[in-house]
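*Asks:* Sharing a structure, written as structure tokens. Questions coming.
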Amino acid sequence: MIKKLFSFAARWIGEQTGWLVLVAVGAVGAFLYVQFAQVSADRDAALHSAEVICAGAGADFAPSTTIEKTTDGKPVTVNHARGAICQRYVAQLAGFKAATVEESAKTLADALVAHDAKNNTDTAAARLAAETARDAALRMELADAQAERTNIVDHEWFAAVNGVAGLRAPSGSGGR
């Protein structure tokens, strides 16, 4: 029974070969047409993007001619393909951006180092000022206790008051 079915199908295909080939060619043609339309749309979108990028970079995407100098300094006319000048401009802009980012990072790092050094210096100065104030307060307490015991306010007591006030001891006090 399967043999008969295959035999019938083969005979029918043999009789309809012209139509089947026509349908297959039509299907392949339709497929290629759709693919070509998609490729054309992709190309047009890429071309539009390139023109927008070039306009943003300040260059024209169209083919152009420029006059440039050779290594000898002689002027020569150079024909540029579509997008060549734009590509040069975009490369220059990308280089500028990279150099700017690098220099900004270096400047920021240098500022952070300077800030840390200033913080360390300020911390050391604050620590020294606190120690000096503590020592001056202790000397003042000792001088007050001595003045109460002896009931005499002498140059040591005045030097201690000056120390609490942040003043230097008088030059005649022996550097105390």
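Residue names in the structure tokens use chain letters A, B, ... in the order shown, residue numbers from 1 in each chain, and ligand numbers from 1 in the order shown.
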May I have all residues of region 7-103 of chain A that DSSP, computed from the backbone, assigns to alpha helix (DSSP H), given as a VMD selection string?
*Replies:* chain A and resid 7 to 15 17 to 57 84 to 103
*Asks:* What is the distance between CA of Asn79 (chain A) and CA of Ile53 (chain A), in Å to one decimal?
*Replies:*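 If I compute the distance from CA of Asn79 (chain A) to CA of Ile53 (chain A), I get 21.2 Å.
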*Asks:* When DSSP is applied to the backbone of this structure, which of chain A are assigned strand (DSSP E)? Write them out as an MDAnalysis selection string.
*Replies:* chainID A and resid 64:69 75:80
*Asks:* Would you compute the distance between CA of Ile13 (chain A) and CA of Phe31 (chain A)? Give it in Å to one decimal.
*Replies:*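 Interatomic distance, CA of Ile13 (chain A) to CA of Phe31 (chain A): 23.5 Å.
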